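Heads up: the structure comes next, in structure tokens.
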Amino acid sequence: NVFNTNAQGLPHGLSAAQVVSLFAAAGMTISWSPAASPVEIIDYRMDYGGQAAQVDPELTSLGLRNIVKQANGNPVSYTLTFAHPVSRFQFRRAPLHAGPSGVTNPPWNAVARAQDGSTLATVSEDEIRSYVDVPGHSFALGPGTRIASVTFSGDDHKFDGQSNVVIDGMAWCP
């Protein structure tokens, strides 16, 4: 399955209720913490005027321009819970565009959990500070495990341009 972030209501972004509804239609519930730090789905050109996270050129050539990100800084997290556990979950950290003052991205991690809450797999990245563009990077959790949920956590330390990992695509296998 592939999560389609190109929902109607863009480029100005979806309301929190629309984000919840979009994930529900894909077979997931989403919750975030703190409550004042919602998950957003927006056209990357609306995020810092397109001078931060971007979308892979292969995706933009298909007209796909949306990113999944979390608002309002340090520390934050969100959890995707699958209606039916999955065997593999993949996502892609969006490419980062170094504008005139460079680009920063917070340290973050993604933790896959079983239905009993035990940790199955973890991936992460350290803080990125760069004056040159940073290519996107794909991550995978699984295979062979029954992933019930994935939690993304980030901390911008009141410095980085983003609060949590910015994603331009995700997919999973039943």
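Order determines the names: the first chain of the structure tokens is A, the second B, and so forth; residues in each chain are numbered 1 upward, and ligands are numbered 1 upward as they are shown.
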
Counting only C-alpha atoms, give me one row per residue of stretch 36-144 of chain A with an atom at most 7 Å from an atom of stretch 159-169 of chain A, showing the shortest contact pair and its distance in Å to one decimal, sorted by chain then residue number, as a tab-separated table.
```
residue	atom	partner	partner_atom	distance
A:Ala53	CA	A:Val166	CA	6.9
A:Val55	CA	A:Asp168	CA	5.8
A:Asn66	CA	A:Asp168	CA	6.5
A:Ile67	CA	A:Asp168	CA	4.7
A:Val68	CA	A:Ile167	CA	5.1
A:Lys69	CA	A:Val166	CA	4.8
A:Gln70	CA	A:Asn164	CA	5.9
A:Ala71	CA	A:Ser163	CA	6.2
A:Asn72	CA	A:Ser163	CA	6.4
A:Gly73	CA	A:Ser163	CA	4.6
A:Asn74	CA	A:Ser163	CA	6.3
A:Val76	CA	A:Ser163	CA	6.8
A:Phe91	CA	A:Gly169	CA	5.6
A:Arg92	CA	A:Gly169	CA	5.4
A:Arg93	CA	A:Ile167	CA	4.7
A:Ala94	CA	A:Asp168	CA	5.0
A:Thr104	CA	A:Asp160	CA	5.2
A:Asn105	CA	A:Asp160	CA	5.5
A:Pro106	CA	A:Asp160	CA	5.7
A:Trp108	CA	A:Asn164	CA	6.1
```

Would you save the residues from that selection as a CSV table (one decimal), in the first residue's frame, using N, CA, C and O atoms?
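Saved the output as again15.csv:
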```
chain,number,residue,atom,x,y,z
A,53,ALA,N,12.4,21.7,3.1
A,53,ALA,CA,12.1,20.3,2.6
A,53,ALA,C,11.5,20.4,1.2
A,53,ALA,O,10.8,21.4,0.9
A,55,VAL,N,10.4,17.8,-2.5
A,55,VAL,CA,9.9,16.5,-2.9
A,55,VAL,C,10.8,16.0,-4.0
A,55,VAL,O,11.3,16.8,-4.8
A,66,ASN,N,3.4,17.1,-2.2
A,66,ASN,CA,3.1,17.3,-0.8
A,66,ASN,C,4.1,16.6,0.1
A,66,ASN,O,4.7,15.5,-0.2
A,67,ILE,N,4.2,17.1,1.3
A,67,ILE,CA,5.0,16.6,2.3
A,67,ILE,C,4.2,16.4,3.6
A,67,ILE,O,3.2,17.0,3.8
A,68,VAL,N,4.7,15.5,4.4
A,68,VAL,CA,4.1,15.2,5.7
A,68,VAL,C,5.1,15.8,6.8
A,68,VAL,O,6.2,15.4,6.7
A,69,LYS,N,4.6,16.7,7.6
A,69,LYS,CA,5.5,17.3,8.6
A,69,LYS,C,4.8,17.5,9.9
A,69,LYS,O,3.5,17.5,9.9
A,70,GLN,N,5.5,17.9,10.9
A,70,GLN,CA,4.9,18.2,12.2
A,70,GLN,C,5.2,19.6,12.6
A,70,GLN,O,6.4,20.0,12.4
A,71,ALA,N,4.2,20.3,13.1
A,71,ALA,CA,4.4,21.7,13.4
A,71,ALA,C,4.9,21.9,14.9
A,71,ALA,O,4.7,21.1,15.7
A,72,ASN,N,5.4,23.1,15.1
A,72,ASN,CA,5.6,23.7,16.5
A,72,ASN,C,6.5,22.9,17.4
A,72,ASN,O,6.1,22.6,18.5
A,73,GLY,N,7.7,22.8,17.1
A,73,GLY,CA,8.9,22.5,17.9
A,73,GLY,C,8.9,21.6,19.1
A,73,GLY,O,8.0,21.0,19.5
A,74,ASN,N,9.9,21.6,19.7
A,74,ASN,CA,10.6,20.6,20.6
A,74,ASN,C,9.9,20.2,21.8
A,74,ASN,O,9.4,21.0,22.5
A,76,VAL,N,8.6,16.7,19.9
A,76,VAL,CA,7.3,16.3,19.3
A,76,VAL,C,7.3,14.9,18.9
A,76,VAL,O,8.4,14.3,18.7
A,91,PHE,N,9.5,4.6,4.4
A,91,PHE,CA,9.2,6.0,4.2
A,91,PHE,C,10.4,6.7,3.7
A,91,PHE,O,11.5,6.1,3.8
A,92,ARG,N,10.2,7.8,3.3
A,92,ARG,CA,11.4,8.6,2.7
A,92,ARG,C,11.5,10.0,3.3
A,92,ARG,O,10.5,10.7,3.3
A,93,ARG,N,12.6,10.3,3.9
A,93,ARG,CA,12.9,11.6,4.4
A,93,ARG,C,13.0,12.5,3.1
A,93,ARG,O,13.8,12.1,2.2
A,94,ALA,N,12.3,13.5,3.1
A,94,ALA,CA,12.3,14.4,1.9
A,94,ALA,C,13.7,15.0,1.7
A,94,ALA,O,14.4,15.2,2.6
A,104,THR,N,18.5,23.1,8.0
A,104,THR,CA,18.7,22.3,9.2
A,104,THR,C,17.5,21.3,9.3
A,104,THR,O,16.4,21.6,8.8
A,105,ASN,N,17.8,20.2,9.9
A,105,ASN,CA,16.7,19.2,10.1
A,105,ASN,C,17.1,18.6,11.5
A,105,ASN,O,18.2,18.3,11.7
A,106,PRO,N,16.0,18.4,12.3
A,106,PRO,CA,16.3,17.9,13.7
A,106,PRO,C,16.8,16.4,13.7
A,106,PRO,O,16.5,15.7,12.8
A,108,TRP,N,16.0,12.8,14.7
A,108,TRP,CA,14.7,12.2,14.8
A,108,TRP,C,14.9,10.7,14.9
A,108,TRP,O,15.9,10.2,14.5
```

List every residue of stretch 47-144 of chain A that has an atom at most 10 Å from any atom of stretch 17-24 of chain A, giving for each one its closest atom pair and the distance in Å to one decimal, counting only C-alpha atoms, sorted by chain and then by ascending residue number, as JSON lines.
```
{"residue": "A:Val68", "atom": "CA", "partner": "A:Val19", "partner_atom": "CA", "distance": 9.6}
{"residue": "A:Leu80", "atom": "CA", "partner": "A:Phe23", "partner_atom": "CA", "distance": 8.4}
{"residue": "A:Thr81", "atom": "CA", "partner": "A:Phe23", "partner_atom": "CA", "distance": 9.6}
{"residue": "A:Phe82", "atom": "CA", "partner": "A:Ala24", "partner_atom": "CA", "distance": 9.2}
{"residue": "A:Ala83", "atom": "CA", "partner": "A:Ala24", "partner_atom": "CA", "distance": 8.8}
```

Writing out the chosen residues with C-alpha atoms as a tab-separated table (two decimals), in the first residue's frame:
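Final output, selection-v7.tsv:
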```
chain	number	residue	atom	x	y	z
A	68	VAL	CA	4.06	15.23	5.74
A	80	LEU	CA	0.59	5.85	13.08
A	81	THR	CA	-1.39	2.80	14.23
A	82	PHE	CA	-2.39	0.29	11.57
A	83	ALA	CA	-5.89	-1.19	11.55
```

Review point. Using the chain letters and numbers from this document, which residues of stretch 58-135 of chain A does DSSP assign to strand (DSSP E), as a ChimeraX atom specification?
Key: /A:66-70,76-86,88-93,103-105,108-113,119-125,128-130

Review point. Out of chain A, which residues get helix (DSSP H, G or I) from DSSP, as a list in words?
Key: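 Residues meeting the helix (DSSP H, G or I) criterion: Ala16, Ala17, Gln18, Val19, Val20, Ser21, Leu22, Phe23, Ala24, Ala25, Tyr44, Arg45, Met46, Tyr48, Gly49, Gly50, Pro57, Glu58, Leu59 and Thr60 of chain A.
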
Output the selection as a short mmCIF file (atom, residue, chain, number, x, y, z; two decimals), in the first residue's frame - all heavy atoms for each residue.
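So the final result, stored in again_20.cif, reads:
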```
data_model
loop_
_atom_site.label_atom_id
_atom_site.label_comp_id
_atom_site.auth_asym_id
_atom_site.auth_seq_id
_atom_site.Cartn_x
_atom_site.Cartn_y
_atom_site.Cartn_z
N ALA A 16 -6.38 19.75 10.60
CA ALA A 16 -6.04 18.58 11.41
C ALA A 16 -7.07 17.47 11.21
O ALA A 16 -6.72 16.29 11.08
CB ALA A 16 -5.92 18.95 12.88
N ALA A 17 -8.34 17.83 11.15
CA ALA A 17 -9.39 16.83 10.95
C ALA A 17 -9.26 16.16 9.58
O ALA A 17 -9.47 14.95 9.46
CB ALA A 17 -10.77 17.47 11.09
N GLN A 18 -8.88 16.91 8.56
CA GLN A 18 -8.68 16.33 7.23
C GLN A 18 -7.48 15.38 7.21
O GLN A 18 -7.51 14.35 6.56
CB GLN A 18 -8.50 17.43 6.19
CG GLN A 18 -9.78 18.19 5.89
CD GLN A 18 -9.50 19.40 5.00
OE1 GLN A 18 -8.58 20.18 5.26
NE2 GLN A 18 -10.31 19.55 3.95
N VAL A 19 -6.42 15.72 7.95
CA VAL A 19 -5.25 14.85 8.04
C VAL A 19 -5.65 13.53 8.70
O VAL A 19 -5.33 12.45 8.21
CB VAL A 19 -4.10 15.53 8.81
CG1 VAL A 19 -2.98 14.53 9.14
CG2 VAL A 19 -3.54 16.71 8.01
N VAL A 20 -6.38 13.61 9.81
CA VAL A 20 -6.84 12.41 10.51
C VAL A 20 -7.70 11.56 9.57
O VAL A 20 -7.53 10.34 9.48
CB VAL A 20 -7.61 12.78 11.79
CG1 VAL A 20 -8.35 11.58 12.38
CG2 VAL A 20 -6.67 13.38 12.83
N SER A 21 -8.58 12.20 8.84
CA SER A 21 -9.46 11.49 7.91
C SER A 21 -8.68 10.84 6.78
O SER A 21 -8.98 9.71 6.37
CB SER A 21 -10.49 12.48 7.36
OG SER A 21 -11.39 11.82 6.52
N LEU A 22 -7.67 11.52 6.25
CA LEU A 22 -6.87 10.97 5.17
C LEU A 22 -6.12 9.71 5.63
O LEU A 22 -6.09 8.70 4.93
CB LEU A 22 -5.89 12.01 4.65
CG LEU A 22 -5.11 11.67 3.39
CD1 LEU A 22 -6.02 11.45 2.20
CD2 LEU A 22 -4.10 12.76 3.09
N PHE A 23 -5.52 9.75 6.82
CA PHE A 23 -4.85 8.57 7.35
C PHE A 23 -5.85 7.45 7.62
O PHE A 23 -5.57 6.29 7.35
CB PHE A 23 -4.05 8.91 8.61
CG PHE A 23 -2.68 9.48 8.32
CD1 PHE A 23 -2.47 10.85 8.33
CD2 PHE A 23 -1.61 8.65 8.03
CE1 PHE A 23 -1.23 11.39 8.06
CE2 PHE A 23 -0.35 9.18 7.76
CZ PHE A 23 -0.16 10.55 7.77
N ALA A 24 -7.02 7.79 8.13
CA ALA A 24 -8.05 6.77 8.39
C ALA A 24 -8.46 6.07 7.11
O ALA A 24 -8.63 4.85 7.08
CB ALA A 24 -9.26 7.40 9.08
N ALA A 25 -8.58 6.82 6.02
CA ALA A 25 -8.95 6.23 4.74
C ALA A 25 -7.88 5.26 4.25
O ALA A 25 -8.17 4.34 3.49
CB ALA A 25 -9.18 7.32 3.70
N TYR A 44 5.05 21.30 -0.61
CA TYR A 44 6.37 21.70 -0.11
C TYR A 44 6.67 23.17 -0.42
O TYR A 44 7.43 23.83 0.30
CB TYR A 44 7.47 20.79 -0.67
CG TYR A 44 7.92 21.13 -2.07
CD1 TYR A 44 8.93 22.06 -2.30
CD2 TYR A 44 7.33 20.53 -3.18
CE1 TYR A 44 9.34 22.36 -3.58
CE2 TYR A 44 7.74 20.83 -4.46
CZ TYR A 44 8.73 21.75 -4.65
OH TYR A 44 9.14 22.07 -5.92
N ARG A 45 6.08 23.72 -1.48
CA ARG A 45 6.35 25.12 -1.84
C ARG A 45 5.78 26.09 -0.81
O ARG A 45 6.16 27.26 -0.79
CB ARG A 45 5.80 25.41 -3.23
CG ARG A 45 6.50 24.57 -4.32
CD ARG A 45 5.83 24.67 -5.64
NE ARG A 45 4.48 24.10 -5.56
CZ ARG A 45 3.65 23.95 -6.58
NH1 ARG A 45 4.02 24.35 -7.78
NH2 ARG A 45 2.48 23.41 -6.41
N MET A 46 4.88 25.60 0.06
CA MET A 46 4.31 26.44 1.11
C MET A 46 5.13 26.37 2.40
O MET A 46 4.88 27.09 3.34
CB MET A 46 2.86 26.02 1.41
CG MET A 46 1.94 26.10 0.20
SD MET A 46 1.86 27.75 -0.54
CE MET A 46 1.06 28.65 0.77
N TYR A 48 8.34 27.25 4.16
CA TYR A 48 9.47 28.17 4.03
C TYR A 48 9.63 28.63 2.58
O TYR A 48 10.75 28.80 2.09
CB TYR A 48 10.78 27.53 4.53
CG TYR A 48 10.82 27.30 6.02
CD1 TYR A 48 10.55 26.04 6.53
CD2 TYR A 48 11.13 28.33 6.89
CE1 TYR A 48 10.57 25.81 7.89
CE2 TYR A 48 11.15 28.12 8.26
CZ TYR A 48 10.88 26.85 8.75
OH TYR A 48 10.91 26.64 10.10
N GLY A 49 8.52 28.79 1.88
CA GLY A 49 8.56 29.25 0.50
C GLY A 49 9.32 28.31 -0.42
O GLY A 49 9.90 28.73 -1.41
N GLY A 50 9.30 27.00 -0.09
CA GLY A 50 10.02 26.02 -0.90
C GLY A 50 11.51 26.01 -0.66
O GLY A 50 12.27 25.36 -1.37
N PRO A 57 12.51 14.91 -7.24
CA PRO A 57 12.17 15.31 -8.61
C PRO A 57 11.35 14.27 -9.38
O PRO A 57 10.52 14.63 -10.20
CB PRO A 57 13.53 15.55 -9.27
CG PRO A 57 14.44 15.88 -8.13
CD PRO A 57 13.95 15.08 -6.96
N GLU A 58 11.58 12.99 -9.11
CA GLU A 58 10.78 11.95 -9.77
C GLU A 58 9.31 12.08 -9.40
O GLU A 58 8.43 11.82 -10.21
CB GLU A 58 11.28 10.55 -9.41
CG GLU A 58 12.63 10.22 -10.00
CD GLU A 58 13.12 8.85 -9.58
OE1 GLU A 58 12.32 8.04 -9.08
OE2 GLU A 58 14.32 8.59 -9.75
N LEU A 59 9.04 12.48 -8.17
CA LEU A 59 7.66 12.65 -7.72
C LEU A 59 7.06 13.93 -8.29
O LEU A 59 5.92 13.93 -8.74
CB LEU A 59 7.57 12.64 -6.19
CG LEU A 59 8.01 11.35 -5.50
CD1 LEU A 59 7.99 11.52 -3.99
CD2 LEU A 59 7.13 10.19 -5.92
N THR A 60 7.83 15.02 -8.27
CA THR A 60 7.28 16.27 -8.80
C THR A 60 7.00 16.16 -10.28
O THR A 60 6.08 16.80 -10.79
CB THR A 60 8.19 17.49 -8.51
OG1 THR A 60 9.49 17.24 -9.03
CG2 THR A 60 8.27 17.78 -7.02
#
```

Check your understanding: Hey, which of A:Asp156, A:Ala110, A:Thr79, A:Pro95 ends up closest to A:Gly136? Count only C-alpha atoms.
Key ->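 Smallest separation from A:Gly136 among the options: A:Pro95.
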